[in-house]
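Shown here: final-v9.cif, mmCIF, C-alpha atoms.
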data_start
loop_
_atom_site.label_atom_id
_atom_site.label_comp_id
_atom_site.auth_asym_id
_atom_site.auth_seq_id
_atom_site.Cartn_x
_atom_site.Cartn_y
_atom_site.Cartn_z
CA MET A 1 107.10 97.99 107.41
CA TYR A 2 110.79 97.19 106.86
CA SER A 3 111.36 96.42 110.54
CA LEU A 4 108.35 94.08 110.55
CA PHE A 5 109.64 92.40 107.39
CA ILE A 6 113.07 91.81 108.99
CA LYS A 7 111.41 90.55 112.17
CA GLU A 8 109.46 87.97 110.17
CA ILE A 9 112.57 86.83 108.29
CA LYS A 10 114.46 86.41 111.56
CA SER A 11 111.59 84.47 113.10
CA PHE A 12 111.84 81.92 110.29
CA PHE A 13 115.54 81.36 110.75
CA ASN A 14 115.73 81.70 114.54
CA SER A 15 113.76 78.47 114.68
CA LEU A 16 114.07 75.29 112.65
CA ALA A 17 111.01 76.13 110.53
CA GLY A 18 112.83 77.97 107.76
CA TYR A 19 115.60 75.39 107.45
CA ILE A 20 113.17 72.47 107.52
CA VAL A 21 111.07 73.96 104.71
CA ILE A 22 114.11 74.44 102.47
CA ILE A 23 115.58 71.01 103.25
CA ILE A 24 112.32 69.12 102.69
CA PHE A 25 111.64 70.91 99.40
CA LEU A 26 115.11 70.16 98.04
CA LEU A 27 115.17 66.62 99.40
CA VAL A 28 111.83 65.57 97.89
CA ASN A 29 112.66 67.01 94.48
CA SER A 30 116.18 65.59 94.48
CA LEU A 31 114.98 62.09 95.34
CA PHE A 32 112.48 62.00 92.50
CA MET A 33 114.82 63.62 89.98
CA TRP A 34 118.05 61.76 90.69
CA VAL A 35 117.53 58.79 93.04
CA PHE A 36 114.18 57.04 92.59
CA GLU A 37 114.03 55.01 89.40
CA GLY A 38 111.20 55.68 86.97
CA PRO A 39 109.95 58.14 84.36
CA LEU A 40 110.50 61.12 86.67
CA ASN A 41 114.20 60.34 87.04
CA VAL A 42 116.24 62.65 84.80
CA ALA A 43 118.77 59.98 83.83
CA ASP A 44 116.10 57.34 83.15
CA GLY A 45 114.01 59.76 81.10
CA GLY A 46 116.79 60.20 78.56
CA TYR A 47 115.92 63.84 77.85
CA ALA A 48 117.79 67.00 78.83
CA THR A 49 115.02 68.51 80.89
CA ILE A 50 114.11 69.31 84.50
CA ASP A 51 110.36 69.04 83.90
CA THR A 52 110.19 66.71 86.91
CA LEU A 53 110.88 69.71 89.16
CA PHE A 54 108.01 71.67 87.65
CA PHE A 55 105.68 68.69 87.97
CA ILE A 56 106.50 67.82 91.58
CA ALA A 57 107.12 71.29 93.06
CA PRO A 58 103.46 72.48 92.91
CA TRP A 59 102.44 69.40 94.94
CA VAL A 60 105.25 69.87 97.45
CA PHE A 61 104.37 73.56 97.77
CA LEU A 62 100.78 72.58 98.63
CA MET A 63 102.13 71.33 101.96
CA LEU A 64 105.17 73.52 102.54
CA ILE A 65 103.78 76.99 101.79
CA PRO A 66 100.79 76.62 104.16
CA ALA A 67 103.34 75.47 106.76
CA VAL A 68 105.28 78.70 106.18
CA THR A 69 102.29 81.04 106.23
CA MET A 70 100.17 79.43 108.95
CA ARG A 71 102.00 81.32 111.70
CA SER A 72 101.69 84.75 110.06
CA PHE A 73 98.59 85.93 111.92
CA ALA A 74 97.36 82.82 113.72
CA GLU A 75 100.40 82.86 116.00
CA GLU A 76 99.94 86.60 116.64
CA LYS A 77 96.32 85.98 117.61
CA ARG A 78 97.15 83.03 119.84
CA SER A 79 99.89 84.91 121.69
CA GLY A 80 97.82 88.08 121.97
CA THR A 81 100.35 90.25 120.10
CA LEU A 82 98.09 91.01 117.13
CA ASP A 83 96.34 93.86 118.94
CA LEU A 84 99.72 95.37 119.76
CA LEU A 85 100.83 94.98 116.15
CA LEU A 86 97.70 96.75 114.90
CA THR A 87 98.49 99.78 117.09
CA ARG A 88 101.67 100.43 115.13
CA PRO A 89 101.66 103.41 112.76
CA LEU A 90 101.22 101.08 109.79
CA THR A 91 98.23 100.46 107.59
CA SER A 92 96.81 96.97 107.61
CA PHE A 93 97.90 96.47 104.02
CA ARG A 94 101.52 97.30 104.92
CA ILE A 95 101.43 94.79 107.78
CA VAL A 96 100.04 92.14 105.43
CA SER A 97 102.60 93.03 102.75
CA ALA A 98 105.52 92.73 105.19
CA LYS A 99 104.45 89.27 106.31
CA TYR A 100 103.70 88.20 102.74
CA LEU A 101 107.07 89.36 101.39
CA ALA A 102 108.90 87.63 104.25
CA SER A 103 107.17 84.37 103.32
CA LEU A 104 108.17 84.86 99.68
CA VAL A 105 111.82 85.34 100.62
CA LEU A 106 111.85 81.93 102.31
CA ILE A 107 110.17 80.33 99.28
CA ILE A 108 112.63 81.94 96.84
CA LEU A 109 115.53 80.75 98.99
CA ALA A 110 114.14 77.22 98.67
CA LEU A 111 113.94 77.58 94.89
CA LEU A 112 117.38 79.07 94.26
CA PRO A 113 119.38 75.85 94.92
CA THR A 114 117.31 74.07 92.24
CA LEU A 115 119.30 76.04 89.66
CA VAL A 116 121.97 73.40 90.31
CA TYR A 117 119.63 70.91 88.58
CA TYR A 118 119.41 73.22 85.57
CA PHE A 119 123.16 73.63 85.17
CA THR A 120 123.72 69.92 85.81
CA VAL A 121 121.39 68.96 82.96
CA ILE A 122 123.10 71.50 80.71
CA ALA A 123 126.45 69.84 81.46
CA LEU A 124 125.10 66.30 81.02
CA GLY A 125 123.19 67.00 77.80
CA SER A 126 124.30 65.51 74.51
CA PRO A 127 125.35 67.74 72.90
CA GLN A 128 126.20 69.84 75.95
CA GLY A 129 123.69 72.60 76.57
CA ASN A 130 120.93 70.73 74.74
CA ILE A 131 118.01 71.97 76.85
CA ASP A 132 114.98 74.10 76.15
CA HIS A 133 116.18 77.26 77.90
CA GLY A 134 113.05 79.28 77.09
CA GLY A 135 110.72 76.58 78.36
CA THR A 136 112.81 76.10 81.50
CA TRP A 137 112.87 79.77 82.44
CA GLY A 138 109.19 80.09 81.60
CA SER A 139 108.51 77.16 83.94
CA TYR A 140 110.55 78.85 86.67
CA ALA A 141 108.54 82.04 86.20
CA GLY A 142 105.32 80.03 86.41
CA LEU A 143 106.52 78.23 89.54
CA VAL A 144 107.40 81.52 91.24
CA MET A 145 103.97 82.97 90.40
CA LEU A 146 102.27 79.81 91.63
CA ALA A 147 104.22 80.03 94.90
CA CYS A 148 103.24 83.69 95.25
CA ALA A 149 99.58 82.74 94.82
CA TYR A 150 99.81 79.93 97.39
CA ALA A 151 101.47 82.33 99.85
CA ALA A 152 98.73 84.95 99.42
CA ILE A 153 96.09 82.28 100.05
CA GLY A 154 98.02 81.04 103.09
CA ILE A 155 98.34 84.54 104.58
CA PHE A 156 94.59 85.04 104.21
CA CYS A 157 93.77 81.72 105.86
CA SER A 158 96.11 82.54 108.74
CA SER A 159 94.13 85.74 109.41
CA LEU A 160 90.91 83.75 109.86
CA THR A 161 91.90 81.73 112.93
CA ASP A 162 94.22 81.51 115.91
CA ASN A 163 94.68 77.75 115.44
CA LEU A 164 97.82 76.83 113.49
CA VAL A 165 96.47 73.44 112.38
CA ILE A 166 93.23 74.94 111.06
CA SER A 167 95.20 77.69 109.32
CA PHE A 168 97.40 75.07 107.65
CA MET A 169 94.47 72.90 106.56
CA LEU A 170 92.44 75.82 105.21
CA ALA A 171 95.40 77.07 103.18
CA ALA A 172 96.21 73.60 101.81
CA VAL A 173 92.61 72.86 100.81
CA LEU A 174 91.98 76.29 99.28
CA SER A 175 95.28 76.20 97.35
CA LEU A 176 94.44 72.70 96.13
CA PHE A 177 91.03 73.89 94.95
CA PHE A 178 92.43 76.86 93.05
CA CYS A 179 95.14 74.70 91.51
CA TYR A 180 93.19 71.58 90.60
CA GLY A 181 89.55 72.11 91.59
CA PHE A 182 88.67 74.43 88.72
CA GLN A 183 90.51 72.10 86.36
CA GLN A 184 88.37 69.14 87.43
CA ILE A 185 85.14 71.15 87.24
CA GLY A 186 86.08 72.54 83.81
CA THR A 187 86.69 69.08 82.36
CA MET A 188 83.13 68.09 83.28
CA PHE A 189 81.82 70.45 80.63
CA GLN A 190 81.92 69.72 76.93
CA ALA A 191 84.33 71.81 74.89
CA GLY A 192 82.91 75.30 74.87
CA SER A 193 83.02 78.71 76.45
CA ALA A 194 81.73 77.58 79.87
CA GLY A 195 84.45 74.98 80.28
CA SER A 196 87.14 77.39 79.08
CA ILE A 197 86.02 80.10 81.49
CA ILE A 198 86.05 77.70 84.45
CA LEU A 199 89.49 76.38 83.49
CA SER A 200 90.82 79.94 83.22
CA LEU A 201 89.80 80.58 86.85
CA GLY A 202 92.23 77.93 88.05
CA ILE A 203 95.96 78.26 88.63
CA THR A 204 96.90 75.16 86.61
CA ASP A 205 95.71 76.56 83.28
CA HIS A 206 97.96 79.61 83.63
CA TYR A 207 100.87 77.70 85.17
CA ASP A 208 100.86 75.23 82.27
CA SER A 209 100.73 78.11 79.81
CA MET A 210 103.82 79.77 81.33
CA SER A 211 105.60 76.40 81.47
CA ARG A 212 105.59 76.32 77.68
CA GLY A 213 108.04 79.20 77.73
CA VAL A 214 105.65 81.91 76.55
CA ILE A 215 104.96 84.64 79.10
CA ASP A 216 101.44 85.73 78.21
CA THR A 217 100.10 88.97 79.66
CA ARG A 218 96.83 87.20 80.51
CA ASP A 219 98.68 84.75 82.75
CA LEU A 220 100.52 87.53 84.57
CA VAL A 221 97.30 89.50 85.02
CA TYR A 222 95.61 86.41 86.46
CA PHE A 223 98.32 85.75 89.04
CA VAL A 224 98.68 89.41 90.04
CA SER A 225 94.90 89.71 90.37
CA LEU A 226 94.59 86.54 92.46
CA ILE A 227 97.41 87.61 94.77
CA THR A 228 96.02 91.14 95.14
CA ILE A 229 92.51 89.87 95.93
CA PHE A 230 93.70 87.62 98.75
CA LEU A 231 96.02 90.25 100.20
CA LEU A 232 93.22 92.83 100.13
CA MET A 233 90.83 90.38 101.81
CA THR A 234 93.45 89.81 104.53
CA SER A 235 93.90 93.55 104.96
CA THR A 236 90.12 94.02 105.19
CA LYS A 237 89.98 91.31 107.86
CA LEU A 238 92.61 93.18 109.90
CA ASP A 239 90.76 96.48 109.46
CA TYR A 240 87.65 94.79 110.84
CA LYS A 241 89.73 93.59 113.80
CA LYS A 242 90.80 97.19 114.53
CA ARG A 243 87.22 98.33 115.01
#

Please re-express this file's structure in structure tokens.
Amino acid sequence: MYSLFIKEIKSFFNSLAGYIVIIIFLLVNSLFMWVFEGPLNVADGGYATIDTLFFIAPWVFLMLIPAVTMRSFAEEKRSGTLDLLLTRPLTSFRIVSAKYLASLVLIILALLPTLVYYFTVIALGSPQGNIDHGGTWGSYAGLVMLACAYAAIGIFCSSLTDNLVISFMLAAVLSLFFCYGFQQIGTMFQAGSAGSIILSLGITDHYDSMSRGVIDTRDLVYFVSLITIFLLMTSTKLDYKKR
């Protein structure tokens, strides 16, 4: 499993894919936070906060994470190496886990430089350090969990096809539905248990909750469950391929 994990990491950085993902993510967020004028600009907003990052990043991830995960199994199928990979003395779940963790490493590497925004706002605040630290770290935790969920969905979609474009589109649409689809459906109901249940099935409800700086067990259970379900479905798909 470790050798497969390292192989996947190297494949990202032996091509331009890994670097492009990181550069685009940082560039888009930086432009909205520091360059483009408007309410999303940190300086124009007048508040010591990096909420712009946590507002924009989920939308950027909707495109970038499917681009990262689309090759995971679709490329193996297209090149004919998936059958060889499945003959290794590894369970399907370990193969899925190795590819999933490699994708997460790239995503975390894209997120790490954004800490510069955090320390910059701390330095620019008046008085210095005037920022909601709890809310900021809670938002980071929520963003990481959201990225983990997108990656699990992307890995699953990649296992369904050998076409990279279809894999990308499936992952983007399914991630969009889980993030905003349930939210839109839930708002169609009047205030009540049905609407609340539908909202709780979506990623946004739990992401917003964590962004308030309170790490609720229910939110963690939701994300872990969603990730596990998609990874298990991917593993099951590979087991079916072995037969």

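For the atom pair formed by CA of Leu90 (chain A) and CA of Met1 (chain A), the distance is 7.1 Å, given to one decimal.
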
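Residue nearest Ser159 (chain A), chosen from A:Ala171, A:Val28, A:Ser139, A:Gly181 and counting only C-alpha atoms: A:Ala171.
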
List as a list in words: which residues have an atom within 12 Å of (96.9, 87.2, 82.7), counting only C-alpha atoms?
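It turns out the residues near that spot are Gly142, Met145, Ser200, Leu201, Gly202, Ile203, Asp205, His206, Tyr207, Ser209, Met210, Val214, Ile215, Asp216, Thr217, Arg218, Asp219, Leu220, Val221, Tyr222, Phe223, Val224, Ser225 and Leu226 of chain A.
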
Evaluating the PyMOL selection byres ((chain A and resi 152-157) around 7) on the displayed file yields which residues, as number ranges by chain?
A: 66, 69-70, 72, 100, 148-151, 158-160, 167, 170-171, 175, 227, 230-231, 233-234

Expand the PyMOL selection byres ((chain A and resi 143) around 12) into the individual residues it matches in the shown file, reporting them as a ChimeraX atom specification.
/A:51,53-61,107-108,110-112,114,136-142,144-150,203-204,206-211,213,223

Could you tell me how far CA of Lys10 (chain A) sits from CA of Leu104 (chain A), in Å to one decimal place?
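The value is 13.5 Å.
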
Excluding Ile197 (chain A) and its own-chain neighbours fewer than 4 positions away, which residues fall within 12 Å of it when counting all atoms listed in the file? Please give them as JSON, numbers by chain.
{"A": [182, 183, 185, 186, 187, 189, 191, 192, 193, 201, 202, 205]}

Could you tell me how far CA of Leu4 (chain A) sits from CA of Val165 (chain A), in Å to one decimal place?
23.9 Å

Check what the PyMOL selection byres ((chain A and resi 40) around 12) selects in the file above and give those residues as an MDAnalysis selection string.
chainID A and resid 29:39 41:47 49:56

Given all atoms listed in the file as the basis, pick out the residue of A:Leu238, A:Ala123, A:Ile6, A:Ala98 nearest to Leu86 (chain A).
A:Leu238

From the list A:Gln184, A:Gly134, A:Thr91, A:Ala194, which residue is nearest Arg212 (chain A) when using all atoms listed in the file?
A:Gly134

Of the listed residues A:Thr161, A:Tyr180, A:Ala102, A:Ile95, that which approaches Thr236 (chain A) most closely, counting only C-alpha atoms:
A:Ile95

Considering all atoms listed in the file, return as an MDAnalysis selection string whatever protein or nucleic-acid residues lie within 12 Å of Ile20 (chain A), sequence-local ones (same chain, fewer than 3 positions apart) excluded.
chainID A and resid 12:17 23:28 64:65 67:68 106:107 110

Atom completion result for region 61-94 of chain A (N, CA and C atoms) as a PDB file, keeping the file's coordinate frame:
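The resulting file, result06.pdb, is reproduced below:
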ATOM      1  N   PHE A  61     104.733  72.239  97.264  1.00  0.00           N
ATOM      2  CA  PHE A  61     104.370  73.560  97.770  1.00  0.00           C
ATOM      3  C   PHE A  61     102.998  73.565  98.436  1.00  0.00           C
ATOM      4  N   LEU A  62     102.113  72.654  98.017  1.00  0.00           N
ATOM      5  CA  LEU A  62     100.780  72.580  98.630  1.00  0.00           C
ATOM      6  C   LEU A  62     100.869  72.296 100.131  1.00  0.00           C
ATOM      7  N   MET A  63     101.928  71.635 100.544  1.00  0.00           N
ATOM      8  CA  MET A  63     102.130  71.330 101.960  1.00  0.00           C
ATOM      9  C   MET A  63     103.073  72.339 102.622  1.00  0.00           C
ATOM     10  N   LEU A  64     104.138  72.696 101.923  1.00  0.00           N
ATOM     11  CA  LEU A  64     105.170  73.520 102.540  1.00  0.00           C
ATOM     12  C   LEU A  64     104.766  74.992 102.691  1.00  0.00           C
ATOM     13  N   ILE A  65     104.131  75.556 101.690  1.00  0.00           N
ATOM     14  CA  ILE A  65     103.780  76.990 101.790  1.00  0.00           C
ATOM     15  C   ILE A  65     102.737  77.241 102.874  1.00  0.00           C
ATOM     16  N   PRO A  66     101.684  76.431 103.000  1.00  0.00           N
ATOM     17  CA  PRO A  66     100.790  76.620 104.160  1.00  0.00           C
ATOM     18  C   PRO A  66     101.522  76.474 105.492  1.00  0.00           C
ATOM     19  N   ALA A  67     102.549  75.618 105.527  1.00  0.00           N
ATOM     20  CA  ALA A  67     103.340  75.470 106.760  1.00  0.00           C
ATOM     21  C   ALA A  67     104.129  76.739 107.062  1.00  0.00           C
ATOM     22  N   VAL A  68     104.545  77.436 106.016  1.00  0.00           N
ATOM     23  CA  VAL A  68     105.280  78.700 106.180  1.00  0.00           C
ATOM     24  C   VAL A  68     104.353  79.815 106.625  1.00  0.00           C
ATOM     25  N   THR A  69     103.186  79.905 105.997  1.00  0.00           N
ATOM     26  CA  THR A  69     102.290  81.040 106.230  1.00  0.00           C
ATOM     27  C   THR A  69     101.350  80.874 107.419  1.00  0.00           C
ATOM     28  N   MET A  70     101.191  79.654 107.924  1.00  0.00           N
ATOM     29  CA  MET A  70     100.170  79.430 108.950  1.00  0.00           C
ATOM     30  C   MET A  70     100.420  80.240 110.217  1.00  0.00           C
ATOM     31  N   ARG A  71     101.678  80.578 110.484  1.00  0.00           N
ATOM     32  CA  ARG A  71     102.000  81.320 111.700  1.00  0.00           C
ATOM     33  C   ARG A  71     101.779  82.829 111.552  1.00  0.00           C
ATOM     34  N   SER A  72     101.663  83.307 110.337  1.00  0.00           N
ATOM     35  CA  SER A  72     101.690  84.750 110.060  1.00  0.00           C
ATOM     36  C   SER A  72     100.801  85.555 110.991  1.00  0.00           C
ATOM     37  N   PHE A  73      99.519  85.228 111.052  1.00  0.00           N
ATOM     38  CA  PHE A  73      98.590  85.930 111.920  1.00  0.00           C
ATOM     39  C   PHE A  73      98.009  85.035 113.003  1.00  0.00           C
ATOM     40  N   ALA A  74      97.918  83.742 112.718  1.00  0.00           N
ATOM     41  CA  ALA A  74      97.360  82.820 113.720  1.00  0.00           C
ATOM     42  C   ALA A  74      98.193  82.819 114.996  1.00  0.00           C
ATOM     43  N   GLU A  75      99.514  82.833 114.841  1.00  0.00           N
ATOM     44  CA  GLU A  75     100.400  82.860 116.000  1.00  0.00           C
ATOM     45  C   GLU A  75     100.271  84.178 116.760  1.00  0.00           C
ATOM     46  N   GLU A  76     100.128  85.284 116.000  1.00  0.00           N
ATOM     47  CA  GLU A  76      99.940  86.600 116.640  1.00  0.00           C
ATOM     48  C   GLU A  76      98.647  86.625 117.450  1.00  0.00           C
ATOM     49  N   LYS A  77      97.597  86.022 116.885  1.00  0.00           N
ATOM     50  CA  LYS A  77      96.320  85.980 117.610  1.00  0.00           C
ATOM     51  C   LYS A  77      96.427  85.119 118.860  1.00  0.00           C
ATOM     52  N   ARG A  78      97.068  83.970 118.720  1.00  0.00           N
ATOM     53  CA  ARG A  78      97.150  83.030 119.840  1.00  0.00           C
ATOM     54  C   ARG A  78      97.976  83.594 120.986  1.00  0.00           C
ATOM     55  N   SER A  79      99.022  84.351 120.650  1.00  0.00           N
ATOM     56  CA  SER A  79      99.890  84.910 121.690  1.00  0.00           C
ATOM     57  C   SER A  79      99.396  86.259 122.205  1.00  0.00           C
ATOM     58  N   GLY A  80      98.379  86.805 121.539  1.00  0.00           N
ATOM     59  CA  GLY A  80      97.820  88.080 121.970  1.00  0.00           C
ATOM     60  C   GLY A  80      98.596  89.298 121.516  1.00  0.00           C
ATOM     61  N   THR A  81      99.534  89.124 120.570  1.00  0.00           N
ATOM     62  CA  THR A  81     100.350  90.250 120.100  1.00  0.00           C
ATOM     63  C   THR A  81      99.759  90.945 118.874  1.00  0.00           C
ATOM     64  N   LEU A  82      98.668  90.399 118.334  1.00  0.00           N
ATOM     65  CA  LEU A  82      98.090  91.010 117.130  1.00  0.00           C
ATOM     66  C   LEU A  82      97.547  92.402 117.435  1.00  0.00           C
ATOM     67  N   ASP A  83      96.883  92.548 118.576  1.00  0.00           N
ATOM     68  CA  ASP A  83      96.340  93.860 118.940  1.00  0.00           C
ATOM     69  C   ASP A  83      97.455  94.891 119.074  1.00  0.00           C
ATOM     70  N   LEU A  84      98.570  94.473 119.637  1.00  0.00           N
ATOM     71  CA  LEU A  84      99.720  95.370 119.760  1.00  0.00           C
ATOM     72  C   LEU A  84     100.279  95.729 118.385  1.00  0.00           C
ATOM     73  N   LEU A  85     100.328  94.742 117.507  1.00  0.00           N
ATOM     74  CA  LEU A  85     100.830  94.980 116.150  1.00  0.00           C
ATOM     75  C   LEU A  85      99.949  95.967 115.400  1.00  0.00           C
ATOM     76  N   LEU A  86      98.641  95.876 115.605  1.00  0.00           N
ATOM     77  CA  LEU A  86      97.700  96.750 114.900  1.00  0.00           C
ATOM     78  C   LEU A  86      97.746  98.187 115.414  1.00  0.00           C
ATOM     79  N   THR A  87      98.371  98.412 116.578  1.00  0.00           N
ATOM     80  CA  THR A  87      98.490  99.780 117.090  1.00  0.00           C
ATOM     81  C   THR A  87      99.689 100.510 116.490  1.00  0.00           C
ATOM     82  N   ARG A  88     100.522  99.786 115.775  1.00  0.00           N
ATOM     83  CA  ARG A  88     101.670 100.430 115.130  1.00  0.00           C
ATOM     84  C   ARG A  88     101.201 101.418 114.070  1.00  0.00           C
ATOM     85  N   PRO A  89     102.035 102.429 113.783  1.00  0.00           N
ATOM     86  CA  PRO A  89     101.660 103.410 112.760  1.00  0.00           C
ATOM     87  C   PRO A  89     101.831 102.852 111.346  1.00  0.00           C
ATOM     88  N   LEU A  90     101.177 101.736 111.095  1.00  0.00           N
ATOM     89  CA  LEU A  90     101.220 101.080 109.790  1.00  0.00           C
ATOM     90  C   LEU A  90      99.802 100.745 109.373  1.00  0.00           C
ATOM     91  N   THR A  91      99.527 100.882 108.092  1.00  0.00           N
ATOM     92  CA  THR A  91      98.230 100.460 107.590  1.00  0.00           C
ATOM     93  C   THR A  91      98.162  98.939 107.611  1.00  0.00           C
ATOM     94  N   SER A  92      96.974  98.419 107.612  1.00  0.00           N
ATOM     95  CA  SER A  92      96.810  96.970 107.610  1.00  0.00           C
ATOM     96  C   SER A  92      97.453  96.339 106.384  1.00  0.00           C
ATOM     97  N   PHE A  93      97.342  97.030 105.259  1.00  0.00           N
ATOM     98  CA  PHE A  93      97.900  96.470 104.020  1.00  0.00           C
ATOM     99  C   PHE A  93      99.427  96.388 104.108  1.00  0.00           C
ATOM    100  N   ARG A  94     100.064  97.349 104.761  1.00  0.00           N
ATOM    101  CA  ARG A  94     101.520  97.300 104.920  1.00  0.00           C
ATOM    102  C   ARG A  94     101.929  96.146 105.843  1.00  0.00           C
TER     103      ARG A  94
END
